[in-house]
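So the structure is just underneath, and the comments pick up after that.
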Amino acid sequence: MPRPNLGPRLVAIRNAGWTQATYYIVWTEAGRRRKASTGHQDPGRAQEAFEAWLAERHRRRAARSGDPAAVLVSDVLRGYSEDHGGEVASPDTIKHLVQPLAYFFHGDTIEALTSGRVKEYWTWRRTNTVRTTADGTLEEVPRGVSDGTIIRELAGTLRPAIRHAVQQKRLQPGDYHVPVPQAPRGRDFWITRAQAAALLREARKSPQGRLHLPLYILVALYSGQRRGAILDLKWRQVDLVAGVIDFNPPSRLQTNKRRPIIPVPRSLLAALRRAHKRAASEHVIAYRGERVADVKTGFNGAAARADIPDCTSHTLRHTAGTWMAQRGVPMWQISGYLGHSVARTTELYAHHHPDYLSEARAAMERKS
């Protein structure tokens, strides 16, 4: 007769040359005898390790059924990151969004993810972040983020991670509520044409950036594209004959931050043709034949000298949309030019349009 399975148990094992026995957890699985060291010689501490092992074993078995009381938030996030990391334009973006969530909710199950617990994350994240140490672990750093970033992490990462776990049958369907802070009001800051001219003058005075920084500013002002799209731009994406730029390279997947194809305004086209004649790199914005990693230092210095210290790279994008709206360009065309949704474009720029709510005002002025 086969031996009865006695289940997991503690066994003291003393190997040759050892002065004292170490306690091991011994069990039978799939007909094979297995063992795992508790790492303790003291029976009391070994018993504590055994009970923790049993609890984790029970949790893992329950997790296989998708029980929210057993499925860990960190496992849901890891599964989402592994399944989608290779399918997005920037895998590092998912990684950076997942890290603080996995750190804060470490050990929490989906069942423990109550509204109160999520709001604790809001409070913690406003004053803390995490970074990867030399040994690959995460450590807490006292530096907070904006509510906009918290919304991206919860609504843009944790919520879809939970939906993905349900779709993959790793989590039982349920009403999983992840509250987010109220979206901050967008900052309506843009620069005038006189300020833009001053910014360009100061950029040309920069010893290191006098060639690439003014070109970057012109592309940002006349195209309204994000910093990453401009720095990634290669000459093969620019048709200097037809006057068209495709800001989305062939190998890049389109994301919510859409990179459009736009016709190039004449002033920018002339600047691009001049820059192309002296180009020594495949990238449009280059320094000594290499892609410029960032323009933040040079840009901030030029903005300070031009007496517009609050101006950032993103200010130029908002300025482009504002200038178009002020000149009466329809919202749907501004949307296509910037790569925004029509709703978001209307929210940001409609109040700058000369016809903003003009029909509503006219209706109120008409006599019945």
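Here's how to read the names in the structure tokens: chain A, B, ... by the order shown, residue numbers from 1 in each chain, ligand numbers from 1 in the order shown.
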Contact table segment 133-174 of chain A vs segment 54-63 of chain A, cut-off 10 Å, shortest pair per residue, only C-alpha atoms, as a tab-separated table:
residue	atom	partner	partner_atom	distance
A:Arg170	CA	A:Ala63	CA	7.6
A:Leu171	CA	A:Ala63	CA	7.8
A:Gln172	CA	A:Ala63	CA	9.7
Could you turn the residues from that selection into a file that holds C-alpha atoms, as a short mmCIF file (atom, residue, chain, number, x, y, z; two decimals), in the first residue's frame?
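The file below, selection.cif, is the result:
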data_model
loop_
_atom_site.label_atom_id
_atom_site.label_comp_id
_atom_site.auth_asym_id
_atom_site.auth_seq_id
_atom_site.Cartn_x
_atom_site.Cartn_y
_atom_site.Cartn_z
CA ARG A 170 -6.61 35.64 -13.11
CA LEU A 171 -9.15 37.57 -11.06
CA GLN A 172 -12.83 36.96 -10.47
#
Applying 9 Å and only C-alpha atoms, which residues near Ser37 of chain A remain after dropping the ones on its own chain fewer than 4 positions away? List them as number ranges by chain.
A: 22-26
Interatomic distance (Å, one decimal) between atom CA of Arg327 of chain A and atom CA of Tyr349 of chain A
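About the pair atom CA of Arg327 of chain A and atom CA of Tyr349 of chain A: they are 11.4 Å apart.
The gap separating atom CA of Leu221 of chain A from atom CA of Lys234 of chain A is 17.9 Å, in Å to one decimal.
When only C-alpha atoms are used to measure the gap to Ser74 of chain A, the shortest distance among A:Leu158, A:Ala49, A:Ile13, A:Ala203 belongs to A:Leu158.
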Pick from A:Arg125, A:His351, A:Arg193, A:Arg131 nearest to Val145 of chain A, counting only C-alpha atoms
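Looking at the shortest contact to Val145 of chain A, the residue is A:Arg125.
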Excluding Gly243 of chain A and any residue of its chain fewer than 3 positions from it, enumerate the residues within 9 Å of it, using only C-alpha atoms, and give them as JSON, numbers by chain.
{"A": [238, 239, 240, 262, 263, 264, 265, 266, 269]}
Just the selected residues (N, CA and C atoms), exported as an mmCIF file, in the first residue's frame, please.
data_model
loop_
_atom_site.group_PDB
_atom_site.id
_atom_site.type_symbol
_atom_site.label_atom_id
_atom_site.label_comp_id
_atom_site.auth_asym_id
_atom_site.auth_seq_id
_atom_site.Cartn_x
_atom_site.Cartn_y
_atom_site.Cartn_z
ATOM 1 N N VAL A 238 10.984 64.094 -42.732
ATOM 2 C CA VAL A 238 10.708 65.450 -43.204
ATOM 3 C C VAL A 238 10.810 65.478 -44.728
ATOM 4 N N ASP A 239 9.711 65.801 -45.384
ATOM 5 C CA ASP A 239 9.707 65.949 -46.847
ATOM 6 C C ASP A 239 9.901 67.430 -47.160
ATOM 7 N N LEU A 240 11.135 67.792 -47.487
ATOM 8 C CA LEU A 240 11.466 69.194 -47.715
ATOM 9 C C LEU A 240 10.946 69.707 -49.057
ATOM 10 N N ILE A 262 1.802 66.647 -40.518
ATOM 11 C CA ILE A 262 1.337 68.026 -40.691
ATOM 12 C C ILE A 262 2.019 68.696 -41.881
ATOM 13 N N PRO A 263 1.333 69.649 -42.513
ATOM 14 C CA PRO A 263 1.995 70.496 -43.521
ATOM 15 C C PRO A 263 2.868 71.515 -42.792
ATOM 16 N N VAL A 264 4.031 71.812 -43.367
ATOM 17 C CA VAL A 264 4.993 72.678 -42.679
ATOM 18 C C VAL A 264 4.768 74.137 -43.075
ATOM 19 N N PRO A 265 4.585 75.036 -42.109
ATOM 20 C CA PRO A 265 4.492 76.470 -42.437
ATOM 21 C C PRO A 265 5.762 76.950 -43.141
ATOM 22 N N ARG A 266 5.627 77.952 -44.011
ATOM 23 C CA ARG A 266 6.749 78.387 -44.851
ATOM 24 C C ARG A 266 7.970 78.817 -44.042
ATOM 25 N N LEU A 269 9.692 75.765 -42.816
ATOM 26 C CA LEU A 269 10.264 74.999 -43.929
ATOM 27 C C LEU A 269 11.595 75.610 -44.380
#
Neighbouring residues of Trp27 of chain A were defined as those with any atom within 12 Å, considering only C-alpha atoms; residues of the same chain fewer than 5 positions away were excluded. Please report them as number ranges by chain.
A: 4-11, 32-37, 50, 53-54, 57
Need the shell around Asn300 of chain A: protein/DNA/RNA residues with any atom at most 9 Å away, counting only C-alpha atoms. Skip same-chain ones fewer than 2 positions apart. Format as an MDAnalysis selection string?
chainID A and resid 295:298 302:305 309:313
Take the residues from that selection and write them out as a JSON list (two decimals), in the first residue's frame, keeping N, CA and C atoms.
[["chain", "number", "residue", "atom", "x", "y", "z"],
["A", 295, "VAL", "N", 16.77, 69.44, -24.03],
["A", 295, "VAL", "CA", 17.09, 70.85, -24.24],
["A", 295, "VAL", "C", 16.75, 71.69, -23.01],
["A", 296, "LYS", "N", 16.44, 71.01, -21.91],
["A", 296, "LYS", "CA", 15.90, 71.71, -20.74],
["A", 296, "LYS", "C", 16.84, 72.78, -20.21],
["A", 297, "THR", "N", 18.13, 72.47, -20.04],
["A", 297, "THR", "CA", 19.06, 73.44, -19.46],
["A", 297, "THR", "C", 19.22, 74.66, -20.35],
["A", 298, "GLY", "N", 19.50, 74.43, -21.63],
["A", 298, "GLY", "CA", 19.67, 75.55, -22.55],
["A", 298, "GLY", "C", 18.39, 76.35, -22.72],
["A", 302, "ALA", "N", 17.73, 80.36, -21.79],
["A", 302, "ALA", "CA", 17.26, 81.34, -22.78],
["A", 302, "ALA", "C", 15.97, 82.00, -22.32],
["A", 303, "ALA", "N", 15.06, 81.22, -21.73],
["A", 303, "ALA", "CA", 13.79, 81.77, -21.25],
["A", 303, "ALA", "C", 14.02, 82.78, -20.12],
["A", 304, "ALA", "N", 14.96, 82.47, -19.23],
["A", 304, "ALA", "CA", 15.26, 83.39, -18.13],
["A", 304, "ALA", "C", 15.85, 84.69, -18.66],
["A", 305, "ARG", "N", 16.76, 84.60, -19.63],
["A", 305, "ARG", "CA", 17.36, 85.81, -20.20],
["A", 305, "ARG", "C", 16.34, 86.63, -20.98],
["A", 309, "PRO", "N", 10.72, 83.45, -17.44],
["A", 309, "PRO", "CA", 11.25, 82.26, -16.77],
["A", 309, "PRO", "C", 10.24, 81.13, -16.62],
["A", 310, "ASP", "N", 8.94, 81.44, -16.67],
["A", 310, "ASP", "CA", 7.92, 80.39, -16.53],
["A", 310, "ASP", "C", 7.70, 79.62, -17.83],
["A", 311, "CYS", "N", 8.32, 80.06, -18.91],
["A", 311, "CYS", "CA", 8.13, 79.40, -20.20],
["A", 311, "CYS", "C", 8.89, 78.08, -20.23],
["A", 312, "THR", "N", 8.21, 77.00, -20.60],
["A", 312, "THR", "CA", 8.83, 75.68, -20.73],
["A", 312, "THR", "C", 8.62, 75.17, -22.16],
["A", 313, "SER", "N", 9.18, 74.01, -22.45],
["A", 313, "SER", "CA", 8.96, 73.42, -23.77],
["A", 313, "SER", "C", 7.47, 73.22, -24.04]]
Name the residues in contact with Thr157 of chain A at a cut-off of 9 Å, using only C-alpha atoms, excluding same-chain residues fewer than 3 positions from it; report them as a count of residues only.
11
Determine which residues of segment 61-287 of chain A receive a DSSP assignment of alpha helix (DSSP H), computed from the backbone, and state them as an NGL selection string.
:A and (61-63 or 73-84 or 91-104 or 115-125 or 147-153 or 159-167 or 193-204 or 212-223 or 227-232 or 266-277)
For Leu211 of chain A, work out the shell of residues within 9 Å, counting only C-alpha atoms and skipping chain neighbours fewer than 5 positions away, then give it as a VMD selection string.
chain A and resid 203 to 204 206 275 285 to 287
Generate the output file for the selected residues, C-alpha atoms, as a short mmCIF file (atom, residue, chain, number, x, y, z; two decimals), in the first residue's frame.
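For reference, selection_0.cif as written:
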data_model
loop_
_atom_site.label_atom_id
_atom_site.label_comp_id
_atom_site.auth_asym_id
_atom_site.auth_seq_id
_atom_site.Cartn_x
_atom_site.Cartn_y
_atom_site.Cartn_z
CA ALA A 203 18.73 80.97 -27.79
CA ARG A 204 21.04 82.10 -30.63
CA SER A 206 24.00 80.20 -26.39
CA ALA A 275 19.54 73.23 -41.25
CA ILE A 285 17.80 68.34 -33.49
CA ALA A 286 21.44 67.32 -33.12
CA TYR A 287 24.68 68.50 -31.50
#
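Closest approach to His177 of chain A among A:Met364, A:Glu111, A:Val284, A:Tyr121: A:Glu111, based on only C-alpha atoms.
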Separation of atom CA of Gln333 of chain A and atom CA of Ala229 of chain A, in Å?
19.4 Å
Closest contacts (segment 190-262 of chain A/segment 314-321 of chain A, max 6 Å, only C-alpha atoms) as CSV:
residue,atom,partner,partner_atom,distance
A:Trp190,CA,A:Thr319,CA,4.7
A:Ala220,CA,A:Leu316,CA,5.9
A:Leu221,CA,A:Leu316,CA,5.3
A:Gly224,CA,A:Arg317,CA,4.2
A:Gln225,CA,A:Arg317,CA,5.9
Save the residues we just selected, C-alpha atoms, as a PDB file, in the first residue's frame?
ATOM      1  CA  TRP A 190       1.199  81.069 -23.502  1.00  0.00           C
ATOM      2  CA  ALA A 220       7.970  73.567 -31.314  1.00  0.00           C
ATOM      3  CA  LEU A 221       6.259  76.898 -32.065  1.00  0.00           C
ATOM      4  CA  GLY A 224       2.980  72.453 -31.644  1.00  0.00           C
ATOM      5  CA  GLN A 225       4.416  68.978 -31.005  1.00  0.00           C
TER       6      GLN A 225
END
